[in-house]
>>> print(open('upload.txt').read())   # compact mmCIF, C-alpha atoms and all ligand atoms
# COMPACT_ATOMS: atom_id res chain seq x y z
CA MET A 1 0.00 0.00 0.00
CA ALA A 2 1.27 3.47 -0.86
CA GLU A 3 2.72 5.38 2.05
CA GLY A 4 0.36 7.70 3.81
CA ASN A 5 -2.68 6.01 2.36
CA ILE A 6 -5.19 4.64 4.78
CA ARG A 7 -7.57 1.95 3.61
CA LYS A 8 -11.03 3.25 4.24
CA LYS A 9 -13.21 0.21 3.95
CA SER A 10 -16.02 1.94 5.74
CA THR A 11 -16.00 4.96 3.39
CA LEU A 12 -19.18 5.32 1.36
CA VAL A 13 -17.91 4.70 -2.18
CA PRO A 14 -20.00 5.75 -5.22
CA GLU A 15 -21.98 2.76 -6.52
CA PRO A 16 -20.64 2.92 -10.12
CA ALA A 17 -17.07 2.68 -8.76
CA LEU A 18 -18.07 -0.30 -6.58
CA ARG A 19 -19.66 -2.00 -9.59
CA ARG A 20 -16.48 -1.58 -11.63
CA MET A 21 -14.14 -2.90 -8.95
CA PRO A 22 -15.06 -6.61 -9.25
CA CYS A 23 -14.42 -6.28 -13.03
CA TYR A 24 -10.95 -4.86 -12.34
CA LEU A 25 -10.38 -7.72 -9.91
CA ALA A 26 -11.33 -10.37 -12.45
CA TYR A 27 -9.14 -8.61 -15.03
CA LEU A 28 -6.16 -8.50 -12.65
CA LYS A 29 -6.54 -12.20 -11.84
CA LEU A 30 -6.40 -12.97 -15.55
CA ALA A 31 -3.29 -10.77 -15.87
CA ARG A 32 -1.72 -12.66 -12.95
CA ASN A 33 -2.52 -16.00 -14.62
CA LYS A 34 -0.75 -14.76 -17.75
CA GLY A 35 2.33 -14.05 -15.62
CA ASN A 36 2.07 -10.24 -15.71
CA GLN A 37 3.63 -8.56 -12.69
CA TYR A 38 2.50 -5.03 -13.55
CA VAL A 39 -0.45 -3.51 -15.39
CA SER A 40 -0.93 0.12 -16.31
CA SER A 41 -4.10 2.08 -15.69
CA THR A 42 -4.20 2.63 -19.47
CA MET A 43 -4.35 -1.14 -20.05
CA ILE A 44 -6.98 -1.65 -17.37
CA ALA A 45 -8.96 1.24 -18.84
CA ARG A 46 -8.70 0.05 -22.44
CA ASP A 47 -9.68 -3.55 -21.67
CA ASN A 48 -12.54 -2.60 -19.36
CA GLY A 49 -13.96 0.21 -21.50
CA VAL A 50 -13.33 2.85 -18.83
CA ASP A 51 -11.48 6.16 -18.88
CA PRO A 52 -7.89 5.87 -17.44
CA THR A 53 -8.46 8.71 -14.96
CA GLN A 54 -11.59 6.89 -13.78
CA VAL A 55 -9.54 3.72 -13.22
CA THR A 56 -6.97 5.65 -11.17
CA LYS A 57 -9.73 7.26 -9.12
CA ASP A 58 -11.59 3.97 -8.56
CA LEU A 59 -8.44 2.15 -7.50
CA SER A 60 -7.36 4.95 -5.18
CA TYR A 61 -10.19 3.89 -2.83
CA THR A 62 -8.16 0.77 -2.04
CA GLY A 63 -5.22 2.89 -0.88
CA ILE A 64 -3.02 1.55 -3.69
CA SER A 65 -1.47 3.86 -6.23
CA GLY A 66 0.38 3.01 -9.43
CA LYS A 67 4.07 3.61 -10.00
CA THR A 68 5.25 5.95 -12.74
CA ARG A 69 5.91 4.11 -16.02
CA VAL A 70 5.25 0.54 -14.74
CA GLY A 71 1.74 1.01 -13.39
CA TYR A 72 0.18 -1.15 -10.69
CA GLU A 73 1.84 -4.18 -9.17
CA VAL A 74 -0.73 -6.93 -9.85
CA GLU A 75 -0.52 -9.08 -6.72
CA PRO A 76 -0.76 -6.32 -4.08
CA LEU A 77 -3.58 -4.70 -6.05
CA ILE A 78 -5.55 -7.99 -6.10
CA GLU A 79 -5.03 -8.30 -2.34
CA ALA A 80 -6.09 -4.69 -1.74
CA LEU A 81 -9.19 -4.96 -3.93
CA GLU A 82 -10.31 -8.22 -2.33
CA ASP A 83 -9.75 -6.73 1.08
CA PHE A 84 -11.48 -3.46 0.23
CA LEU A 85 -14.51 -5.18 -1.31
CA GLY A 86 -14.86 -7.43 1.73
CA PHE A 87 -14.24 -10.60 -0.34
CA LYS A 88 -11.45 -11.79 1.95
CA GLU A 89 -13.46 -11.90 5.13
CA MET A 90 -16.24 -14.48 5.22
CA ASP A 91 -19.67 -13.09 6.07
CA HIS A 92 -22.43 -15.48 7.01
CA ALA A 93 -25.95 -15.24 5.64
CA PHE A 94 -29.38 -16.84 5.98
CA LEU A 95 -31.46 -17.58 2.90
CA PHE A 96 -35.25 -17.28 2.83
CA GLY A 97 -37.07 -19.30 0.18
CA ALA A 98 -35.30 -22.46 -0.95
CA GLY A 99 -37.07 -22.80 -4.32
CA SER A 100 -35.38 -22.85 -7.70
CA LEU A 101 -33.38 -19.63 -7.30
CA GLY A 102 -32.65 -20.26 -3.61
CA THR A 103 -31.43 -23.76 -4.46
CA ALA A 104 -29.14 -22.39 -7.18
CA LEU A 105 -27.63 -19.92 -4.69
CA LEU A 106 -27.19 -22.68 -2.10
CA HIS A 107 -25.29 -24.70 -4.70
CA ASP A 108 -23.21 -21.76 -5.92
CA HIS A 109 -19.58 -22.23 -4.91
CA GLY A 110 -18.75 -18.80 -6.31
CA LEU A 111 -20.38 -16.97 -3.40
CA ASP A 112 -17.83 -18.02 -0.82
CA GLN A 113 -15.05 -16.76 -3.09
CA TYR A 114 -16.78 -13.41 -2.78
CA GLY A 115 -16.93 -13.65 0.99
CA LEU A 116 -20.47 -14.95 1.51
CA ASP A 117 -21.27 -18.21 3.23
CA ILE A 118 -24.94 -19.28 3.50
CA VAL A 119 -25.18 -20.99 6.87
CA GLY A 120 -28.94 -21.47 7.19
CA ALA A 121 -32.02 -21.55 4.98
CA PHE A 122 -35.73 -21.24 5.70
CA ASP A 123 -38.87 -22.12 3.80
CA VAL A 124 -42.51 -23.04 4.43
CA ASN A 125 -42.79 -25.95 2.00
CA PRO A 126 -42.93 -29.29 3.88
CA LEU A 127 -41.38 -30.95 0.82
CA VAL A 128 -38.08 -29.11 1.32
CA ILE A 129 -38.01 -28.65 5.09
CA GLY A 130 -35.62 -31.13 6.71
CA HIS A 131 -33.69 -31.62 3.47
CA SER A 132 -30.16 -30.47 2.86
CA ILE A 133 -29.33 -28.36 -0.19
CA GLY A 134 -25.70 -27.58 -0.94
CA GLY A 135 -24.80 -28.75 2.55
CA VAL A 136 -27.33 -26.42 4.26
CA SER A 137 -30.32 -27.93 6.00
CA ILE A 138 -33.66 -26.24 5.31
CA GLU A 139 -35.72 -25.29 8.34
CA HIS A 140 -39.24 -23.92 8.70
CA ILE A 141 -39.23 -20.12 8.81
CA ASP A 142 -40.72 -20.24 12.33
CA GLU A 143 -37.39 -21.74 13.44
CA PHE A 144 -35.66 -18.55 12.28
CA LEU A 145 -37.84 -16.48 14.60
CA LYS A 146 -36.88 -18.76 17.48
CA LYS A 147 -33.17 -18.10 16.89
CA LYS A 148 -32.24 -15.26 19.16
CA ASP A 149 -28.75 -13.70 19.12
CA HIS A 150 -27.89 -15.66 15.98
CA GLY A 151 -25.42 -12.93 14.97
CA ILE A 152 -26.24 -13.20 11.26
CA LYS A 153 -26.60 -9.79 9.62
CA ILE A 154 -27.27 -10.74 6.00
CA GLY A 155 -30.49 -12.25 4.64
CA ILE A 156 -31.04 -13.41 1.07
CA LEU A 157 -34.65 -13.02 -0.03
CA THR A 158 -35.78 -15.54 -2.66
CA THR A 159 -39.43 -16.13 -1.76
CA PRO A 160 -42.32 -15.54 -4.16
CA ALA A 161 -43.22 -11.85 -4.55
CA ALA A 162 -46.44 -12.34 -2.58
CA SER A 163 -44.59 -13.17 0.65
CA ALA A 164 -41.52 -10.95 0.13
CA GLN A 165 -42.55 -8.03 2.36
CA GLU A 166 -43.84 -10.30 5.13
CA VAL A 167 -40.59 -12.30 5.15
CA ALA A 168 -38.50 -9.10 4.97
CA ASN A 169 -40.38 -7.83 8.06
CA MET A 170 -39.55 -11.07 9.87
CA MET A 171 -35.90 -10.74 8.88
CA VAL A 172 -35.70 -7.19 10.20
CA SER A 173 -37.58 -8.05 13.40
CA ASN A 174 -35.01 -10.73 14.14
CA GLY A 175 -31.74 -8.94 13.59
CA ILE A 176 -31.06 -8.96 9.84
CA LYS A 177 -29.29 -5.74 8.83
CA ALA A 178 -28.80 -6.25 5.09
CA ILE A 179 -31.29 -7.83 2.67
CA TRP A 180 -30.12 -9.10 -0.70
CA ASN A 181 -33.49 -8.94 -2.41
CA PHE A 182 -33.97 -11.06 -5.53
CA THR A 183 -37.75 -10.67 -5.59
CA PRO A 184 -39.31 -8.11 -7.93
CA VAL A 185 -40.93 -6.39 -4.93
CA ARG A 186 -39.48 -3.05 -3.79
CA ILE A 187 -39.61 -3.98 -0.16
CA SER A 188 -39.73 -1.34 2.52
CA ALA A 189 -37.35 -1.56 5.44
CA PRO A 190 -36.17 0.78 8.21
CA GLU A 191 -33.37 3.22 7.35
CA ASN A 192 -30.82 1.28 9.34
CA VAL A 193 -31.31 -1.78 7.11
CA VAL A 194 -29.50 -2.06 3.78
CA VAL A 195 -31.63 -3.38 0.91
CA GLN A 196 -29.84 -4.44 -2.27
CA ASN A 197 -32.14 -5.33 -5.16
CA THR A 198 -30.78 -7.68 -7.80
CA SER A 199 -32.49 -8.64 -11.02
CA LEU A 200 -31.21 -10.83 -13.84
CA TYR A 201 -34.26 -9.76 -15.80
CA ALA A 202 -33.36 -6.07 -15.68
CA HIS A 203 -30.08 -6.91 -17.41
CA LEU A 204 -31.94 -9.14 -19.85
CA ALA A 205 -34.17 -6.20 -20.78
CA VAL A 206 -31.07 -4.07 -21.44
CA MET A 207 -29.53 -6.86 -23.55
CA PHE A 208 -32.72 -7.26 -25.63
CA ASN A 209 -32.93 -3.52 -26.19
CA ARG A 210 -29.27 -3.30 -27.31
CA LEU A 211 -29.65 -6.35 -29.57
CA TYR A 212 -32.80 -5.05 -31.27
CA ALA A 213 -31.29 -1.57 -31.71
CA LEU A 214 -28.17 -3.14 -33.29
CA GLU A 215 -30.27 -5.30 -35.61
CA ALA A 216 -32.39 -2.30 -36.60
CA ALA A 217 -29.25 -0.27 -37.36
CA GLU A 218 -27.80 -3.13 -39.44
CA GLN A 219 -31.08 -3.49 -41.33
CA ALA A 220 -31.19 0.26 -41.98
CA GLY A 221 -27.62 0.03 -43.33
CA LEU A 222 -28.59 -2.82 -45.67
CA ASP A 223 -31.71 -0.97 -46.84
CA SER A 224 -29.77 2.20 -47.65
CA LYS A 225 -27.16 0.15 -49.61
CA LYS A 226 -29.96 -1.49 -51.59
CA SER A 227 -31.48 1.88 -52.47
CA GLU A 228 -28.10 3.26 -53.67
N1 LIG B 1 -33.64 -11.37 -9.31
C1 LIG B 1 -33.61 -12.27 -10.27
O1 LIG B 1 -32.81 -12.19 -11.19
C2 LIG B 1 -34.57 -13.41 -10.18
C3 LIG B 1 -34.44 -14.55 -10.95
C4 LIG B 1 -35.34 -15.60 -10.75
C5 LIG B 1 -36.36 -15.45 -9.80
N2 LIG B 1 -36.47 -14.29 -9.11
C6 LIG B 1 -37.46 -14.09 -8.03
O2 LIG B 1 -36.97 -14.86 -6.94
C7 LIG B 1 -38.07 -15.37 -6.20
C8 LIG B 1 -37.98 -16.89 -6.15
O3 LIG B 1 -38.08 -17.43 -7.44
P1 LIG B 1 -38.07 -19.00 -7.65
O4 LIG B 1 -38.15 -19.22 -9.09
O5 LIG B 1 -36.96 -19.60 -6.85
O6 LIG B 1 -39.48 -19.39 -6.97
P2 LIG B 1 -39.87 -20.78 -6.30
O7 LIG B 1 -41.36 -20.79 -6.23
O8 LIG B 1 -39.16 -21.90 -6.98
O9 LIG B 1 -39.26 -20.65 -4.82
C9 LIG B 1 -39.81 -19.86 -3.81
C10 LIG B 1 -39.62 -20.58 -2.49
O10 LIG B 1 -40.03 -19.71 -1.44
C11 LIG B 1 -40.78 -20.52 -0.51
N3 LIG B 1 -41.66 -19.66 0.28
C12 LIG B 1 -42.93 -19.26 -0.02
N4 LIG B 1 -43.40 -18.51 0.98
C13 LIG B 1 -42.42 -18.44 1.91
C14 LIG B 1 -42.32 -17.82 3.19
N5 LIG B 1 -43.32 -17.11 3.70
N6 LIG B 1 -41.18 -17.97 3.89
C15 LIG B 1 -40.15 -18.68 3.38
N7 LIG B 1 -40.19 -19.32 2.18
C16 LIG B 1 -41.31 -19.18 1.46
C17 LIG B 1 -41.51 -21.52 -1.38
O11 LIG B 1 -41.92 -22.63 -0.64
C18 LIG B 1 -40.43 -21.87 -2.40
O12 LIG B 1 -39.62 -22.94 -1.97
C19 LIG B 1 -39.32 -14.86 -6.90
O13 LIG B 1 -39.73 -13.68 -6.26
C20 LIG B 1 -38.85 -14.56 -8.32
O14 LIG B 1 -39.62 -13.56 -8.95
C21 LIG B 1 -35.59 -13.30 -9.27
>>> encode(input="upload.txt", output="structure tokens")
Amino acid sequence: MAEGNIRKKSTLVPEPALRRMPCYLAYLKLARNKGNQYVSSTMIARDNGVDPTQVTKDLSYTGISGKTRVGYEVEPLIEALEDFLGFKEMDHAFLFGAGSLGTALLHDHGLDQYGLDIVGAFDVNPLVIGHSIGGVSIEHIDEFLKKKDHGIKIGILTTPAASAQEVANMMVSNGIKAIWNFTPVRISAPENVVVQNTSLYAHLAVMFNRLYALEAAEQAGLDSKKSE
């Protein structure tokens, strides 16, 4: 870490910068695999479609700065990014709703590489309760309410939309401080609870729109050539 720089993990970082950081991390890991010891901000910028000054600014949040001419040393930057993003420390989470999406998350080995370990899961369906999915046994949601001082701060919400708010209320009433909400419901929660909404479908909508716009532009190009 550069001298005089203090890592400020608890600093509120702008969301776009936070979204870019895991991309830089993946890029740096690839660079490491290729045997590169240094990468420049220009290279990171070019290959990630970002402005070089933006890269420098984003990476400065980690406390690491590049060296003149050689750029960033790959290994310490990977360490700093993982540390800064909280991927090195393991946080525990409970999952609510062990249906198809919940099951996929319980089976996902990628999550623990990003510092999240699902240690308990709750549902209401007698067909899943008592079973183990991805090494986690599924309990009835009433069992969650009986767990006092469980110390788990993160809850993953993967119930049907109709029960999302009710389950979110239960989570908050029993100590959950951050809700990773996969349901389409914009759930309401007290100000001291973090709600992070995630939707694959929102990205799908963007992809469709870009694809159709590209196809329309290509078609327009063909039509104008024909009429020449
Ligand atoms: N964000 C995304 O990208 C994305 C992708 C797929 C699905 N979803 C959403 O995720 C949610 C789950 O989808 P799915 O396909 O897994 O549905 P699913 O029906 O397969 O699973 C839902 C599970 O929640 C359980 N459940 C119902 N009420 C409950 C309650 N009160 N407490 C605890 N568990 C309860 C059900 O028994 C079931 O096992 C839905 O809201 C869906 O719209 C989001």
>>> atom_distance(input="upload.txt", atom1="atom CA of Arg46 of chain A", atom2="atom CA of Tyr27 of chain A")
11.4 Å
>>> closest_atom_pairs(input="upload.txt", of="chain A", to="ligand LIG 1 (chain B)", cutoff="7 Å", atoms="all atoms listed in the file", output="Markdown table")
| residue | atom | partner | partner_atom | distance |
| --- | --- | --- | --- | --- |
| A:Phe96 | CA | B:LIG1 | C15 | 5.1 |
| A:Gly97 | CA | B:LIG1 | O10 | 3.4 |
| A:Ala98 | CA | B:LIG1 | O12 | 4.5 |
| A:Gly99 | CA | B:LIG1 | O9 | 3.1 |
| A:Ser100 | CA | B:LIG1 | O5 | 3.7 |
| A:Leu101 | CA | B:LIG1 | O5 | 3.6 |
| A:Gly102 | CA | B:LIG1 | O5 | 5.4 |
| A:Phe122 | CA | B:LIG1 | C15 | 5.6 |
| A:Asp123 | CA | B:LIG1 | N7 | 3.5 |
| A:Val124 | CA | B:LIG1 | N7 | 4.9 |
| A:Asn125 | CA | B:LIG1 | O11 | 4.3 |
| A:Ile141 | CA | B:LIG1 | C15 | 5.7 |
| A:Thr158 | CA | B:LIG1 | C7 | 4.2 |
| A:Thr159 | CA | B:LIG1 | O10 | 3.6 |
| A:Pro160 | CA | B:LIG1 | O13 | 3.8 |
| A:Ala161 | CA | B:LIG1 | O13 | 4.3 |
| A:Ser163 | CA | B:LIG1 | N5 | 5.1 |
| A:Glu166 | CA | B:LIG1 | N5 | 7.0 |
| A:Val167 | CA | B:LIG1 | N5 | 5.7 |
| A:Phe182 | CA | B:LIG1 | N1 | 3.8 |
| A:Thr183 | CA | B:LIG1 | O13 | 3.7 |
| A:Pro184 | CA | B:LIG1 | O14 | 5.6 |
| A:Thr198 | CA | B:LIG1 | N1 | 4.9 |
| A:Ser199 | CA | B:LIG1 | N1 | 3.4 |
| A:Leu200 | CA | B:LIG1 | O1 | 3.4 |
| A:Tyr201 | CA | B:LIG1 | O1 | 5.4 |
>>> atom_distance(input="upload.txt", atom1="atom CA of Leu111 of chain A", atom2="atom CA of Lys88 of chain A")
11.6 Å
>>> closest_residue(input="upload.txt", among="A:Gly86, A:Gly151, A:Gly134, A:Gly71", to="Met43 of chain A", atoms="all atoms listed in the file")
A:Gly71
>>> closest_residue(input="upload.txt", among="A:Leu105, A:Ala202, A:Ile129, A:Ala93", to="Ile154 of chain A", atoms="all atoms listed in the file")
A:Ala93
>>> atom_distance(input="upload.txt", atom1="atom CA of Ala104 of chain A", atom2="atom CA of Glu15 of chain A")
26.2 Å
>>> closest_residue(input="upload.txt", among="A:Glu228, A:Glu79, A:Asp51, A:Glu139", to="Leu127 of chain A", atoms="all atoms listed in the file")
A:Glu139
>>> residues_near_point(input="upload.txt", point="(6.5, 2.0, -10.8)", cutoff="12 Å", atoms="all atoms listed in the file", output="ChimeraX atom specification")
/A:2,37-41,64-74
>>> axis_aligned_box(input="upload.txt", around="segment 163-168 of chain A", padding_each_side="3 Å", output="AutoDock Vina command-line options")
--center_x -41.5 --center_y -10.6 --center_z 2.6 --size_x 12.1 --size_y 11.1 --size_z 11.0
>>> closest_residue(input="upload.txt", among="A:Glu143, A:Val13, A:Ala164, A:Glu75", to="Asn33 of chain A", atoms="only C-alpha atoms")
A:Glu75
>>> closest_residue(input="upload.txt", among="A:Val194, A:Ile133, A:Leu59, A:Ala189", to="Lys177 of chain A", atoms="all atoms listed in the file")
A:Val194
>>> closest_residue(input="upload.txt", among="A:Leu106, A:Leu25, A:Tyr61, A:Trp180", to="Ile44 of chain A", atoms="all atoms listed in the file")
A:Leu25
>>> decode(input="upload.txt", residues="segment 42-125 of chain A", atoms="C-alpha atoms", output="short mmCIF file (atom, residue, chain, number, x, y, z; two decimals), in the first residue's frame")
data_model
loop_
_atom_site.label_atom_id
_atom_site.label_comp_id
_atom_site.auth_asym_id
_atom_site.auth_seq_id
_atom_site.Cartn_x
_atom_site.Cartn_y
_atom_site.Cartn_z
CA THR A 42 -4.20 2.63 -19.47
CA MET A 43 -4.35 -1.14 -20.05
CA ILE A 44 -6.98 -1.65 -17.37
CA ALA A 45 -8.96 1.24 -18.84
CA ARG A 46 -8.70 0.05 -22.44
CA ASP A 47 -9.68 -3.55 -21.67
CA ASN A 48 -12.54 -2.60 -19.36
CA GLY A 49 -13.96 0.21 -21.50
CA VAL A 50 -13.33 2.85 -18.83
CA ASP A 51 -11.48 6.16 -18.88
CA PRO A 52 -7.89 5.87 -17.44
CA THR A 53 -8.46 8.71 -14.96
CA GLN A 54 -11.59 6.89 -13.78
CA VAL A 55 -9.54 3.72 -13.22
CA THR A 56 -6.97 5.65 -11.17
CA LYS A 57 -9.73 7.26 -9.12
CA ASP A 58 -11.59 3.97 -8.56
CA LEU A 59 -8.44 2.15 -7.50
CA SER A 60 -7.36 4.95 -5.18
CA TYR A 61 -10.19 3.89 -2.83
CA THR A 62 -8.16 0.77 -2.04
CA GLY A 63 -5.22 2.89 -0.88
CA ILE A 64 -3.02 1.55 -3.69
CA SER A 65 -1.47 3.86 -6.23
CA GLY A 66 0.38 3.01 -9.43
CA LYS A 67 4.07 3.61 -10.00
CA THR A 68 5.25 5.95 -12.74
CA ARG A 69 5.91 4.11 -16.02
CA VAL A 70 5.25 0.54 -14.74
CA GLY A 71 1.74 1.01 -13.39
CA TYR A 72 0.18 -1.15 -10.69
CA GLU A 73 1.84 -4.18 -9.17
CA VAL A 74 -0.73 -6.93 -9.85
CA GLU A 75 -0.52 -9.08 -6.72
CA PRO A 76 -0.76 -6.32 -4.08
CA LEU A 77 -3.58 -4.70 -6.05
CA ILE A 78 -5.55 -7.99 -6.10
CA GLU A 79 -5.03 -8.30 -2.34
CA ALA A 80 -6.09 -4.69 -1.74
CA LEU A 81 -9.19 -4.96 -3.93
CA GLU A 82 -10.31 -8.22 -2.33
CA ASP A 83 -9.75 -6.73 1.08
CA PHE A 84 -11.48 -3.46 0.23
CA LEU A 85 -14.51 -5.18 -1.31
CA GLY A 86 -14.86 -7.43 1.73
CA PHE A 87 -14.24 -10.60 -0.34
CA LYS A 88 -11.45 -11.79 1.95
CA GLU A 89 -13.46 -11.90 5.13
CA MET A 90 -16.24 -14.48 5.22
CA ASP A 91 -19.67 -13.09 6.07
CA HIS A 92 -22.43 -15.48 7.01
CA ALA A 93 -25.95 -15.24 5.64
CA PHE A 94 -29.38 -16.84 5.98
CA LEU A 95 -31.46 -17.58 2.90
CA PHE A 96 -35.25 -17.28 2.83
CA GLY A 97 -37.07 -19.30 0.18
CA ALA A 98 -35.30 -22.46 -0.95
CA GLY A 99 -37.07 -22.80 -4.32
CA SER A 100 -35.38 -22.85 -7.70
CA LEU A 101 -33.38 -19.63 -7.30
CA GLY A 102 -32.65 -20.26 -3.61
CA THR A 103 -31.43 -23.76 -4.46
CA ALA A 104 -29.14 -22.39 -7.18
CA LEU A 105 -27.63 -19.92 -4.69
CA LEU A 106 -27.19 -22.68 -2.10
CA HIS A 107 -25.29 -24.70 -4.70
CA ASP A 108 -23.21 -21.76 -5.92
CA HIS A 109 -19.58 -22.23 -4.91
CA GLY A 110 -18.75 -18.80 -6.31
CA LEU A 111 -20.38 -16.97 -3.40
CA ASP A 112 -17.83 -18.02 -0.82
CA GLN A 113 -15.05 -16.76 -3.09
CA TYR A 114 -16.78 -13.41 -2.78
CA GLY A 115 -16.93 -13.65 0.99
CA LEU A 116 -20.47 -14.95 1.51
CA ASP A 117 -21.27 -18.21 3.23
CA ILE A 118 -24.94 -19.28 3.50
CA VAL A 119 -25.18 -20.99 6.87
CA GLY A 120 -28.94 -21.47 7.19
CA ALA A 121 -32.02 -21.55 4.98
CA PHE A 122 -35.73 -21.24 5.70
CA ASP A 123 -38.87 -22.12 3.80
CA VAL A 124 -42.51 -23.04 4.43
CA ASN A 125 -42.79 -25.95 2.00
#
